[in-house]
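Peer 1: input-v5.txt (compact mmCIF, C-alpha atoms) pasted underneath:
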```
# COMPACT_ATOMS: atom_id res chain seq x y z
CA MET A 111 -14.16 -38.17 -24.76
CA THR A 112 -13.06 -34.79 -23.49
CA ILE A 113 -9.85 -32.78 -23.50
CA HIS A 114 -9.31 -30.49 -20.53
CA SER A 115 -6.19 -28.42 -20.99
CA ASN A 116 -4.85 -25.26 -19.42
CA ILE A 117 -3.43 -23.20 -22.27
CA SER A 118 -2.02 -19.70 -22.26
CA ASN A 119 -2.17 -18.60 -25.91
CA MET A 120 -4.03 -21.09 -28.09
CA GLY A 121 -7.52 -19.79 -28.76
CA PHE A 122 -6.89 -16.51 -26.98
CA GLU A 123 -6.04 -13.26 -28.69
CA SER A 124 -6.80 -9.75 -27.47
CA GLN A 125 -7.53 -7.05 -30.03
CA PRO A 126 -5.52 -3.81 -30.23
CA SER A 127 -7.05 -0.63 -28.83
CA ASP A 128 -6.26 3.08 -28.70
CA ILE A 129 -5.98 2.75 -24.93
CA LEU A 130 -4.42 0.06 -22.78
CA GLU A 131 -7.02 -2.65 -23.24
CA PRO A 132 -8.59 -3.89 -20.01
CA SER A 133 -8.36 -7.55 -19.17
CA TYR A 134 -11.50 -9.03 -17.69
CA VAL A 135 -10.63 -12.66 -18.38
CA THR A 136 -7.24 -14.18 -17.71
CA GLN A 137 -4.99 -16.18 -19.99
CA ASN A 138 -6.18 -19.41 -18.35
CA VAL A 139 -8.38 -21.04 -20.99
CA TYR A 140 -9.88 -24.51 -20.64
CA VAL A 141 -10.98 -26.32 -23.79
CA TYR A 142 -13.52 -29.16 -23.72
CA ALA A 143 -13.98 -31.28 -26.84
CA GLN A 144 -17.77 -31.17 -26.66
CA PRO A 145 -19.35 -30.16 -29.97
CA ILE A 146 -22.55 -28.12 -30.06
CA THR A 147 -24.89 -28.51 -33.01
CA ILE A 148 -26.08 -25.32 -34.69
CA GLN A 149 -29.46 -26.25 -36.17
CA HIS A 150 -30.37 -22.87 -37.71
CA TRP A 151 -27.73 -20.55 -39.12
CA GLN A 152 -29.05 -17.48 -37.25
CA LEU A 153 -30.04 -19.02 -33.91
CA ARG A 154 -26.91 -19.31 -31.78
CA ASP A 155 -28.02 -19.15 -28.15
CA LEU A 156 -27.53 -22.87 -27.56
CA VAL A 157 -25.54 -22.82 -24.30
CA THR A 158 -26.95 -22.14 -20.84
CA THR A 159 -26.14 -22.98 -17.23
CA ASN A 160 -28.17 -25.11 -14.86
CA VAL A 161 -27.52 -23.03 -11.73
CA ASP A 162 -28.62 -25.91 -9.47
CA THR A 163 -25.62 -28.02 -10.54
CA ASP A 164 -23.37 -25.52 -12.42
CA GLU A 165 -23.46 -27.89 -15.40
CA LEU A 166 -23.75 -26.54 -18.92
CA LEU A 167 -26.77 -27.42 -21.01
CA VAL A 168 -25.93 -27.63 -24.71
CA VAL A 169 -27.53 -28.83 -27.93
CA GLN A 170 -26.11 -31.85 -29.71
CA GLU A 171 -28.13 -33.13 -32.65
CA SER A 172 -31.58 -34.11 -31.27
CA CYS A 173 -30.54 -34.03 -27.60
CA ILE A 174 -29.87 -31.49 -24.88
CA LEU A 175 -26.78 -32.59 -22.95
CA ARG A 176 -25.70 -31.84 -19.37
CA TYR A 177 -21.99 -31.16 -19.58
CA ASN A 178 -20.08 -31.57 -16.31
CA ARG A 179 -16.81 -29.65 -16.64
CA ASN A 180 -15.25 -31.20 -13.52
CA LYS A 181 -15.86 -34.77 -14.70
CA ARG A 182 -15.34 -33.79 -18.36
CA GLN A 183 -18.39 -35.86 -19.24
CA ALA A 184 -21.70 -35.30 -20.99
CA PHE A 185 -25.02 -36.84 -19.97
CA VAL A 186 -28.34 -36.72 -21.78
CA ALA A 187 -30.72 -34.26 -20.11
CA GLN A 188 -33.44 -34.40 -22.75
CA ARG A 189 -34.06 -36.46 -25.88
CA THR A 190 -36.30 -34.97 -28.54
CA ASP A 191 -37.83 -36.08 -31.84
CA PHE A 192 -36.79 -32.76 -33.39
CA LEU A 193 -33.63 -30.70 -33.81
CA PRO A 194 -33.60 -28.10 -31.01
CA CYS A 195 -32.80 -24.55 -32.11
CA SER A 196 -33.62 -22.80 -28.81
CA LEU A 197 -33.47 -23.65 -25.11
CA SER A 198 -33.93 -22.22 -21.65
CA CYS A 199 -33.49 -23.46 -18.08
CA GLN A 200 -34.93 -22.03 -14.87
CA ASP A 201 -35.15 -23.63 -11.41
CA GLY A 202 -34.45 -27.12 -12.72
CA ILE A 203 -36.91 -26.93 -15.64
CA LEU A 204 -35.45 -27.35 -19.13
CA VAL A 205 -37.37 -26.22 -22.21
CA SER A 206 -36.29 -26.72 -25.82
CA GLY A 207 -37.89 -25.59 -29.07
CA GLY A 208 -37.75 -26.76 -32.67
CA GLN A 209 -38.14 -25.39 -36.18
CA ALA A 210 -41.68 -26.70 -36.71
CA SER A 211 -43.16 -25.24 -33.47
CA GLN A 212 -42.13 -28.26 -31.36
CA LEU A 213 -41.67 -27.69 -27.64
CA LYS A 214 -40.51 -30.04 -24.90
CA VAL A 215 -40.45 -29.38 -21.16
CA THR A 216 -38.36 -31.60 -18.84
CA ARG A 217 -37.82 -31.59 -15.08
CA LEU A 218 -34.10 -32.20 -14.70
CA PHE A 219 -33.79 -33.85 -11.28
CA ASP A 220 -35.73 -36.94 -12.40
CA ASN A 221 -35.69 -36.43 -16.21
CA GLN A 222 -39.49 -36.45 -16.29
CA THR A 223 -41.15 -35.04 -19.40
CA LEU A 224 -43.75 -32.49 -18.28
CA TRP A 225 -45.00 -31.53 -21.73
CA HIS A 226 -44.19 -32.36 -25.36
CA ASP A 227 -46.24 -31.00 -28.26
CA ASN A 228 -46.41 -28.37 -30.97
CA VAL A 229 -47.39 -24.85 -29.97
CA GLY A 230 -48.41 -23.67 -33.43
CA GLY A 231 -46.69 -21.35 -35.84
CA THR A 232 -43.28 -22.08 -37.31
CA VAL A 233 -39.79 -21.79 -35.81
CA ASN A 234 -39.51 -21.41 -32.03
CA ASN A 235 -36.69 -18.86 -32.18
CA GLY A 236 -36.38 -18.12 -28.48
CA ILE A 237 -37.68 -19.26 -25.08
CA ALA A 238 -37.95 -17.49 -21.73
CA LEU A 239 -39.08 -19.10 -18.48
CA TYR A 240 -39.81 -16.92 -15.45
CA ARG A 241 -41.74 -16.73 -12.21
CA ASP A 242 -44.51 -14.15 -12.38
CA ALA A 243 -43.90 -11.60 -9.61
CA GLY A 244 -47.57 -10.84 -9.03
CA LEU A 245 -49.18 -14.27 -9.41
CA GLY A 246 -46.34 -16.41 -8.08
CA GLU A 247 -46.65 -18.86 -10.98
CA TYR A 248 -44.15 -19.94 -13.61
CA ARG A 249 -44.75 -18.71 -17.11
CA LEU A 250 -43.21 -19.80 -20.38
CA LEU A 251 -42.73 -17.36 -23.27
CA VAL A 252 -42.14 -18.74 -26.76
CA ALA A 253 -40.85 -16.31 -29.41
CA ASN A 254 -42.01 -17.63 -32.77
CA ASN A 255 -41.34 -16.86 -36.40
CA ASP A 256 -45.10 -16.39 -36.91
CA GLU A 257 -44.72 -12.85 -35.46
CA SER A 258 -45.98 -13.75 -32.00
CA ILE A 259 -44.94 -14.49 -28.44
CA LYS A 260 -47.01 -17.30 -26.99
CA VAL A 261 -47.51 -17.26 -23.21
CA PHE A 262 -48.13 -20.50 -21.29
CA GLY A 263 -48.71 -21.32 -17.65
CA LEU A 264 -46.07 -23.91 -16.85
CA ASP A 265 -48.17 -25.97 -14.44
CA THR A 266 -50.85 -26.86 -17.00
CA MET A 267 -49.28 -25.58 -20.25
CA GLU A 268 -52.51 -23.70 -20.87
CA LYS A 269 -52.02 -20.89 -23.35
CA LEU A 270 -52.66 -17.69 -21.41
CA ASP A 271 -51.97 -15.08 -24.08
CA THR A 272 -50.65 -14.49 -27.59
CA ILE A 273 -48.75 -11.24 -28.08
CA GLN A 274 -48.72 -10.11 -31.71
CA CYS A 275 -45.53 -8.27 -32.66
CA GLY A 276 -46.02 -7.59 -36.39
CA SER A 277 -42.70 -9.22 -37.31
CA ALA A 278 -40.93 -12.50 -36.64
CA VAL A 279 -39.82 -12.61 -32.99
CA ASN A 280 -36.28 -13.89 -32.51
CA ALA A 281 -35.79 -13.45 -28.76
CA THR A 282 -37.58 -12.48 -25.59
CA ALA A 283 -36.44 -11.96 -22.00
CA VAL A 284 -38.09 -10.98 -18.70
CA SER A 285 -36.44 -8.63 -16.22
CA PRO A 286 -35.17 -10.17 -12.95
CA ASP A 287 -37.84 -8.27 -11.00
CA GLY A 288 -40.53 -9.75 -13.26
CA LYS A 289 -42.02 -6.36 -14.18
CA TRP A 290 -40.79 -6.01 -17.76
CA MET A 291 -40.42 -8.05 -20.93
CA VAL A 292 -38.30 -7.24 -23.96
CA ALA A 293 -38.55 -8.73 -27.45
CA GLY A 294 -36.19 -8.58 -30.41
CA VAL A 295 -37.85 -8.79 -33.83
CA ASP A 296 -36.98 -9.09 -37.51
CA ALA A 297 -38.22 -5.55 -38.15
CA SER A 298 -34.92 -4.21 -36.76
CA SER A 299 -36.51 -3.15 -33.51
CA VAL A 300 -36.63 -3.80 -29.77
CA ARG A 301 -40.05 -3.83 -28.08
CA LEU A 302 -40.50 -3.16 -24.36
CA TYR A 303 -43.58 -4.44 -22.50
CA SER A 304 -44.68 -3.88 -18.93
CA ILE A 305 -46.03 -6.86 -16.98
CA SER A 306 -48.91 -5.99 -14.67
CA PRO A 307 -49.49 -7.64 -11.25
CA SER A 308 -52.31 -9.60 -12.91
CA GLY A 309 -49.92 -10.92 -15.57
CA ASP A 310 -50.97 -8.76 -18.53
CA TYR A 311 -48.46 -7.48 -21.09
CA GLU A 312 -48.62 -3.91 -22.42
CA LEU A 313 -46.39 -2.48 -25.14
CA ARG A 314 -44.60 0.62 -23.83
CA GLU A 315 -41.81 1.27 -26.33
CA ASP A 316 -40.77 0.14 -29.81
CA ARG A 317 -37.40 1.39 -31.08
CA ALA A 318 -35.77 0.62 -34.42
CA ASP A 319 -32.08 1.32 -33.80
CA PHE A 320 -30.81 -1.52 -35.99
CA LYS A 321 -30.37 -2.06 -39.72
CA ASP A 322 -31.26 -5.77 -39.57
CA SER A 323 -32.91 -8.36 -37.32
CA VAL A 324 -32.50 -8.25 -33.55
CA MET A 325 -31.35 -11.72 -32.51
CA SER A 326 -30.83 -11.68 -28.73
CA CYS A 327 -31.89 -9.65 -25.67
CA ALA A 328 -30.72 -9.59 -22.06
CA TRP A 329 -31.38 -7.75 -18.77
CA SER A 330 -28.95 -6.37 -16.23
CA PRO A 331 -29.24 -7.81 -12.69
CA ASN A 332 -31.02 -4.70 -11.38
CA SER A 333 -33.68 -4.73 -14.14
CA MET A 334 -32.76 -1.20 -15.29
CA THR A 335 -30.78 -1.93 -18.44
CA ILE A 336 -31.40 -3.93 -21.62
CA ALA A 337 -28.82 -5.12 -24.14
CA ALA A 338 -29.94 -6.18 -27.62
CA ALA A 339 -27.75 -7.90 -30.22
CA GLY A 340 -28.33 -7.25 -33.91
CA GLN A 341 -27.55 -9.09 -37.10
CA ASP A 342 -26.10 -5.81 -38.39
CA GLY A 343 -23.07 -6.27 -36.12
CA GLN A 344 -23.92 -4.07 -33.14
CA VAL A 345 -25.16 -4.39 -29.58
CA VAL A 346 -27.34 -1.53 -28.37
CA VAL A 347 -27.73 -0.86 -24.64
CA TYR A 348 -30.86 0.89 -23.30
CA ASP A 349 -31.86 2.47 -20.01
CA ILE A 350 -35.53 1.55 -19.54
CA ARG A 351 -36.27 4.81 -17.71
CA ASN A 352 -36.22 6.72 -21.00
CA PHE A 353 -35.59 3.86 -23.44
CA ARG A 354 -32.85 5.70 -25.27
CA PRO A 355 -29.57 4.08 -26.32
CA LEU A 356 -26.83 4.36 -23.71
CA ALA A 357 -24.27 2.85 -26.07
CA LYS A 358 -23.83 1.17 -29.43
CA ILE A 359 -21.05 -1.41 -29.45
CA LYS A 360 -19.78 -2.69 -32.78
CA SER A 361 -18.47 -6.15 -33.64
CA VAL A 362 -14.97 -6.71 -35.02
CA GLN A 363 -16.31 -8.04 -38.34
CA GLN A 364 -19.29 -5.68 -38.52
CA ARG A 365 -19.77 -5.46 -42.30
CA GLN A 366 -19.68 -9.22 -42.80
CA VAL A 367 -22.14 -12.03 -42.00
CA LYS A 368 -19.57 -13.50 -39.61
CA GLY A 369 -19.66 -10.25 -37.63
CA ALA A 370 -23.38 -10.49 -36.85
CA CYS A 371 -24.04 -10.29 -33.10
CA ARG A 372 -25.88 -13.47 -32.11
CA CYS A 373 -25.96 -13.82 -28.33
CA VAL A 374 -25.76 -11.28 -25.49
CA LYS A 375 -25.84 -11.79 -21.71
CA PHE A 376 -25.10 -9.82 -18.53
CA ALA A 377 -23.18 -11.34 -15.64
CA SER A 378 -25.84 -12.13 -13.04
CA VAL A 379 -23.55 -11.09 -10.17
CA GLY A 380 -24.05 -7.33 -10.13
CA GLU A 381 -20.69 -6.26 -8.73
CA LEU A 382 -18.85 -7.79 -11.70
CA ASP A 383 -20.50 -5.21 -14.00
CA LEU A 384 -19.86 -7.20 -17.18
CA LEU A 385 -21.77 -7.57 -20.42
CA ALA A 386 -20.77 -10.33 -22.85
CA PHE A 387 -21.72 -10.96 -26.46
CA THR A 388 -20.58 -13.17 -29.31
CA GLU A 389 -20.23 -12.67 -33.03
CA HIS A 390 -21.42 -15.17 -35.63
CA MET A 391 -17.86 -16.45 -35.87
CA SER A 392 -14.70 -16.39 -33.77
CA TYR A 393 -15.09 -13.44 -31.35
CA LEU A 394 -16.23 -12.92 -27.75
CA HIS A 395 -16.66 -9.40 -26.36
CA LEU A 396 -16.58 -8.47 -22.65
CA VAL A 397 -17.77 -4.94 -21.90
CA ASP A 398 -17.38 -2.91 -18.71
CA THR A 399 -20.86 -1.60 -17.77
CA ARG A 400 -19.68 0.76 -15.00
CA THR A 401 -19.23 3.88 -17.09
CA ASP A 402 -20.15 4.46 -20.75
CA TYR A 403 -19.59 0.94 -22.17
CA SER A 404 -16.52 2.13 -24.10
CA GLU A 405 -14.02 -0.16 -22.36
CA LYS A 406 -14.05 -3.75 -23.48
CA GLN A 407 -11.90 -6.81 -24.04
CA VAL A 408 -12.21 -8.71 -27.30
CA VAL A 409 -11.20 -12.36 -27.29
CA ARG A 410 -10.63 -14.42 -30.41
CA VAL A 411 -11.96 -17.89 -29.62
CA CYS A 412 -9.61 -19.65 -32.03
CA PRO A 413 -6.15 -19.21 -33.58
CA SER A 414 -5.92 -16.30 -36.02
CA MET A 415 -5.42 -18.54 -39.06
CA ARG A 416 -8.96 -19.98 -38.95
CA ASP A 417 -12.52 -19.12 -37.97
CA VAL A 418 -15.00 -21.10 -35.87
CA ASN A 419 -18.78 -20.97 -35.69
CA ILE A 420 -19.91 -19.76 -32.25
CA SER A 421 -23.00 -21.47 -30.82
CA GLY A 422 -23.61 -19.45 -27.65
CA LEU A 423 -22.25 -18.29 -24.31
CA ALA A 424 -23.03 -18.76 -20.62
CA PHE A 425 -21.66 -17.48 -17.33
CA SER A 426 -21.01 -20.10 -14.64
CA LYS A 427 -23.21 -20.28 -11.53
CA ASN A 428 -21.05 -17.90 -9.49
CA ASN A 429 -19.89 -15.93 -12.56
CA SER A 430 -16.25 -16.89 -12.00
CA THR A 431 -15.96 -18.15 -15.57
CA ILE A 432 -17.62 -17.64 -18.94
CA CYS A 433 -18.08 -20.48 -21.42
CA VAL A 434 -18.26 -20.00 -25.19
CA GLY A 435 -19.58 -22.83 -27.33
CA THR A 436 -18.49 -23.61 -30.87
CA ASP A 437 -19.50 -26.30 -33.32
CA ALA A 438 -16.46 -28.34 -32.22
CA SER A 439 -15.74 -27.54 -28.57
CA ILE A 440 -16.37 -25.37 -25.51
CA PHE A 441 -13.92 -22.69 -24.34
CA GLU A 442 -14.00 -21.70 -20.66
CA TYR A 443 -12.39 -18.39 -19.65
CA GLN A 444 -11.53 -17.43 -16.08
CA ILE A 445 -12.95 -14.03 -15.09
CA ASP A 446 -10.67 -11.84 -12.98
CA THR A 447 -13.28 -11.61 -10.23
CA VAL A 448 -10.90 -10.13 -7.63
CA ASN A 449 -10.22 -7.03 -9.71
CA ARG A 450 -13.81 -6.77 -10.91
CA ARG A 451 -15.25 -6.89 -7.40
CA GLY A 452 -12.67 -4.41 -6.17
CA PHE A 453 -14.31 -1.56 -8.06
CA GLY A 454 -17.94 -2.71 -8.29
CA ASP A 455 -20.85 -0.32 -8.45
CA CYS A 456 -24.10 -2.21 -8.84
CA SER A 457 -26.05 0.99 -9.37
CA LEU A 458 -24.45 1.37 -12.78
CA CYS A 459 -25.09 -2.18 -13.93
```
How does this structure look as structure tokens?

Peer 2:
Amino acid sequence: MTIHSNISNMGFESQPSDILEPSYVTQNVYVYAQPITIQHWQLRDLVTTNVDTDELLVVQESCILRYNRNKRQAFVAQRTDFLPCSLSCQDGILVSGGQASQLKVTRLFDNQTLWHDNVGGTVNNGIALYRDAGLGEYRLLVANNDESIKVFGLDTMEKLDTIQCGSAVNATAVSPDGKWMVAGVDASSVRLYSISPSGDYELREDRADFKDSVMSCAWSPNSMTIAAAGQDGQVVVYDIRNFRPLAKIKSVQQRQVKGACRCVKFASVGELDLLAFTEHMSYLHLVDTRTDYSEKQVVRVCPSMRDVNISGLAFSKNNSTICVGTDASIFEYQIDTVNRRGFGDCSLC
């Protein structure tokens, strides 16, 4: 069912640079023949990690699979009656969303369905699950194509709020400290909200630094920095203290559809100081966040003679590896954690 091979060159190609290019991942690449189904051509954040087990959670047709890399086996984590185009996992709770507002919530340890219904609107483009810092309750945010973010209390799935954004919402993410929320919208902008101790959301900033839709958003481990990935082929990094761009990082294939930036994530271990993002096809970027974001390693996730559709990325539980999904397989890259930890500065992450 699965191929697990240690290869030194196949699927790995660093891009030339004016300086000696840094190397944040090693030449040890593991390839798993586990396909991931891309249900919507723009929505490509279909890989995440269950930190309780270090298994990957991936979309395949109408199921979410638990992929165990040690056993090289896949197990069904959630069956749906729709084609999932978004997913999230937090503290053993798996949530998936569909293109006709379907939503399913599953507790992973016993595979119990906690909720399964439509939330209204159209496509559930993105999902965020977090524990409210002030109230101590879990909340579920659903970014929908109907220009809203729907807020639910996880215990009862009561709708607590609907945040109108004026444009289709493609992604949302809550800061690790639970005090901020960011949203990426079709109107080429990133919206920053504060979250009050009583659980209210207030728009603080709205910046249009893109030329096309914002497809993915992520927070640094210290809740001070946001990265947003745009369909125009750039990732913009913001410091929330003044909400001005710290850096604009371009894709390899920027002026083409296949160069659209689809998924962006920070390493959750602060001392690694890494930001990762994927292009629509073929390329993974790893960016050093310690200085001005100018140093990066670009990895081609396939041989140079062909392209592959990328379906998402995820860091492993301890951030020792990063996995990149494609429509045919999963590539796992070993992060050079010894060198990264040797020069860590969490205050810059």

Peer 1: Rounded to one decimal, what separation in Å do you get between CA of Thr232 (chain A) and CA of Ala210 (chain A)?

Peer 2: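 If I compute the distance from CA of Thr232 (chain A) to CA of Ala210 (chain A), I get 4.9 Å.
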
Peer 1: May I have the residues within 12 Å of Leu218 (chain A) as a PDB file with C-alpha atoms, in the coordinates of the input, using only C-alpha atoms and disregarding those fewer than 3 positions away in the same chain?

Peer 2:
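Dumped everything to out_32.pdb:
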```
ATOM      1  CA  ASN A 160     -28.170 -25.110 -14.860  1.00  0.00           C
ATOM      2  CA  VAL A 161     -27.520 -23.030 -11.730  1.00  0.00           C
ATOM      3  CA  ASP A 162     -28.620 -25.910  -9.470  1.00  0.00           C
ATOM      4  CA  THR A 163     -25.620 -28.020 -10.540  1.00  0.00           C
ATOM      5  CA  GLU A 165     -23.460 -27.890 -15.400  1.00  0.00           C
ATOM      6  CA  LEU A 167     -26.770 -27.420 -21.010  1.00  0.00           C
ATOM      7  CA  ILE A 174     -29.870 -31.490 -24.880  1.00  0.00           C
ATOM      8  CA  LEU A 175     -26.780 -32.590 -22.950  1.00  0.00           C
ATOM      9  CA  ARG A 176     -25.700 -31.840 -19.370  1.00  0.00           C
ATOM     10  CA  PHE A 185     -25.020 -36.840 -19.970  1.00  0.00           C
ATOM     11  CA  VAL A 186     -28.340 -36.720 -21.780  1.00  0.00           C
ATOM     12  CA  ALA A 187     -30.720 -34.260 -20.110  1.00  0.00           C
ATOM     13  CA  GLN A 188     -33.440 -34.400 -22.750  1.00  0.00           C
ATOM     14  CA  ARG A 189     -34.060 -36.460 -25.880  1.00  0.00           C
ATOM     15  CA  CYS A 199     -33.490 -23.460 -18.080  1.00  0.00           C
ATOM     16  CA  GLN A 200     -34.930 -22.030 -14.870  1.00  0.00           C
ATOM     17  CA  ASP A 201     -35.150 -23.630 -11.410  1.00  0.00           C
ATOM     18  CA  GLY A 202     -34.450 -27.120 -12.720  1.00  0.00           C
ATOM     19  CA  ILE A 203     -36.910 -26.930 -15.640  1.00  0.00           C
ATOM     20  CA  LEU A 204     -35.450 -27.350 -19.130  1.00  0.00           C
ATOM     21  CA  VAL A 205     -37.370 -26.220 -22.210  1.00  0.00           C
ATOM     22  CA  VAL A 215     -40.450 -29.380 -21.160  1.00  0.00           C
ATOM     23  CA  ASN A 221     -35.690 -36.430 -16.210  1.00  0.00           C
ATOM     24  CA  GLN A 222     -39.490 -36.450 -16.290  1.00  0.00           C
ATOM     25  CA  THR A 223     -41.150 -35.040 -19.400  1.00  0.00           C
ATOM     26  CA  LEU A 224     -43.750 -32.490 -18.280  1.00  0.00           C
TER      27      LEU A 224
END
```

Peer 1: Choose the residue, out of A:Val374, A:Ala253, A:Leu264, A:Leu423, that has the smallest atom-to-atom separation from Gly231 (chain A); count only C-alpha atoms.

Peer 2: A:Ala253

Peer 1: Taking all atoms listed in the file into account, name the residue in A:Asp296, A:Asp417, A:Asp220, A:Glu312 that is nearest to Asp342 (chain A).

Peer 2: A:Asp296

Peer 1: Mind giving me the straight-line distance from CA of Val229 (chain A) to CA of Gln212 (chain A) in Å, one decimal?

Peer 2: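 Between CA of Val229 (chain A) and CA of Gln212 (chain A) the gap is 6.4 Å.
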
Peer 1: Counting only C-alpha atoms, which of A:Val347, A:Ala357, A:Val252, A:Ala243 gets nearest to Pro307 (chain A)?

Peer 2: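 Among the listed residues, the smallest separation from Pro307 (chain A) belongs to A:Ala243.
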
Peer 1: Tell me which of A:Asn255, A:Ser430, A:Thr272, A:Ser326 sits closest to Asp310 (chain A), counting only C-alpha atoms.

Peer 2: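 Counting only C-alpha atoms, the residue closest to Asp310 (chain A) is A:Thr272.
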
Peer 1: Fewer than 2 positions away in the same chain doesn't count, so skip those; otherwise give me all residues within 12 Å of Asn235 (chain A), counting all atoms listed in the file, as a PyMOL selection string.

Peer 2: chain A and resi 149-156+194-198+206-213+231-233+237-238+251-260+278-282+293-296+324-326

Peer 1: I'd like the interatomic distance between CA of Lys289 (chain A) and CA of Asp242 (chain A), to a tenth of an Å.

Peer 2: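 So the answer is 8.4 Å.
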
Peer 1: Would you kindly return, as a list in words, each protein, DNA or RNA residue with an atom no farther than 7 Å from any atom of Ile445 (chain A), considering all atoms listed in the file and excluding same-chain residues fewer than 3 positions away?

Peer 2: Tyr134, Val135, Thr136, Ser430 and Thr431 of chain A

Peer 1: Quick one: of A:Cys327, A:Gln144, A:Asp383, A:Gln341, who's nearest to Asn449 (chain A), counting only C-alpha atoms?

Peer 2: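 Checking each of A:Cys327, A:Gln144, A:Asp383, A:Gln341 against Asn449 (chain A), counting only C-alpha atoms, the winner is A:Asp383.
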
Peer 1: Of the candidates A:Gly380, A:Thr388, A:Leu356, A:Asn234, which one gets nearest to Gly340 (chain A) if we count all atoms listed in the file?

Peer 2: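 Of all the options, A:Thr388 lies closest to Gly340 (chain A).
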
Peer 1: Just the residues within 10 Å of Leu313 (chain A), please, counting all atoms listed in the file, with nothing from its chain fewer than 5 positions along; format it as a PyMOL selection string.

Peer 2: chain A and resi 273+275+290-292+301-305

Peer 1: Neighbourhood query: residues within 7 Å of (-27.1, -13.8, -10.3), file coordinates, counting all atoms listed in the file; return as a PyMOL selection string.

Peer 2: chain A and resi 331+378-379

Peer 1: Fewer than 5 positions away in the same chain doesn't count, so skip those; otherwise give me all residues within 8 Å of Gly244 (chain A), counting only C-alpha atoms, as a PyMOL selection string.

Peer 2: chain A and resi 306-309

Peer 1: Box time for region 436-448 of chain A: axis-aligned, enclosing all its listed atoms, 6 Å extra on each side; report centre and edge lengths in Å to one decimal, as lines of an AutoDock Vina configuration file.

Peer 2:
```
center_x = -15.1
center_y = -19.2
center_z = -20.5
size_x = 20.8
size_y = 30.2
size_z = 37.7
```

Peer 1: Can you take region 352-388 of chain A from the block and write C-alpha atoms as a PDB file, in the first residue's frame?

Peer 2:
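Writing done, so here's selection09.pdb:
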```pdb
ATOM      1  CA  ASN A 352       1.924  48.186  13.809  1.00  0.00           C
ATOM      2  CA  PHE A 353       0.397  45.843  11.215  1.00  0.00           C
ATOM      3  CA  ARG A 354       2.851  46.836   8.522  1.00  0.00           C
ATOM      4  CA  PRO A 355       4.550  44.344   6.203  1.00  0.00           C
ATOM      5  CA  LEU A 356       7.852  43.042   7.528  1.00  0.00           C
ATOM      6  CA  ALA A 357       8.542  41.174   4.301  1.00  0.00           C
ATOM      7  CA  LYS A 358       7.047  40.160   0.975  1.00  0.00           C
ATOM      8  CA  ILE A 359       8.271  36.778  -0.228  1.00  0.00           C
ATOM      9  CA  LYS A 360       7.652  35.799  -3.834  1.00  0.00           C
ATOM     10  CA  SER A 361       6.986  32.351  -5.267  1.00  0.00           C
ATOM     11  CA  VAL A 362       9.205  30.796  -7.935  1.00  0.00           C
ATOM     12  CA  GLN A 363       6.376  30.756 -10.504  1.00  0.00           C
ATOM     13  CA  GLN A 364       4.825  34.054  -9.415  1.00  0.00           C
ATOM     14  CA  ARG A 365       3.223  35.190 -12.683  1.00  0.00           C
ATOM     15  CA  GLN A 366       1.524  31.847 -13.315  1.00  0.00           C
ATOM     16  CA  VAL A 367      -1.453  30.082 -11.716  1.00  0.00           C
ATOM     17  CA  LYS A 368       0.891  27.307 -10.595  1.00  0.00           C
ATOM     18  CA  GLY A 369       2.877  29.886  -8.621  1.00  0.00           C
ATOM     19  CA  ALA A 370      -0.078  30.925  -6.440  1.00  0.00           C
ATOM     20  CA  CYS A 371       0.735  30.602  -2.735  1.00  0.00           C
ATOM     21  CA  ARG A 372      -1.822  28.229  -1.217  1.00  0.00           C
ATOM     22  CA  CYS A 373      -0.741  27.191   2.280  1.00  0.00           C
ATOM     23  CA  VAL A 374       1.481  28.852   4.901  1.00  0.00           C
ATOM     24  CA  LYS A 375       2.491  27.670   8.387  1.00  0.00           C
ATOM     25  CA  PHE A 376       5.039  28.533  11.078  1.00  0.00           C
ATOM     26  CA  ALA A 377       6.996  25.859  12.927  1.00  0.00           C
ATOM     27  CA  SER A 378       5.317  25.634  16.330  1.00  0.00           C
ATOM     28  CA  VAL A 379       8.662  25.140  18.100  1.00  0.00           C
ATOM     29  CA  GLY A 380       9.858  28.718  18.476  1.00  0.00           C
ATOM     30  CA  GLU A 381      13.603  28.144  18.478  1.00  0.00           C
ATOM     31  CA  LEU A 382      13.476  26.656  14.964  1.00  0.00           C
ATOM     32  CA  ASP A 383      12.406  30.069  13.602  1.00  0.00           C
ATOM     33  CA  LEU A 384      11.004  28.656  10.353  1.00  0.00           C
ATOM     34  CA  LEU A 385       8.140  29.688   8.116  1.00  0.00           C
ATOM     35  CA  ALA A 386       6.973  27.296   5.389  1.00  0.00           C
ATOM     36  CA  PHE A 387       4.672  27.803   2.430  1.00  0.00           C
ATOM     37  CA  THR A 388       3.708  25.944  -0.726  1.00  0.00           C
TER      38      THR A 388
END
```
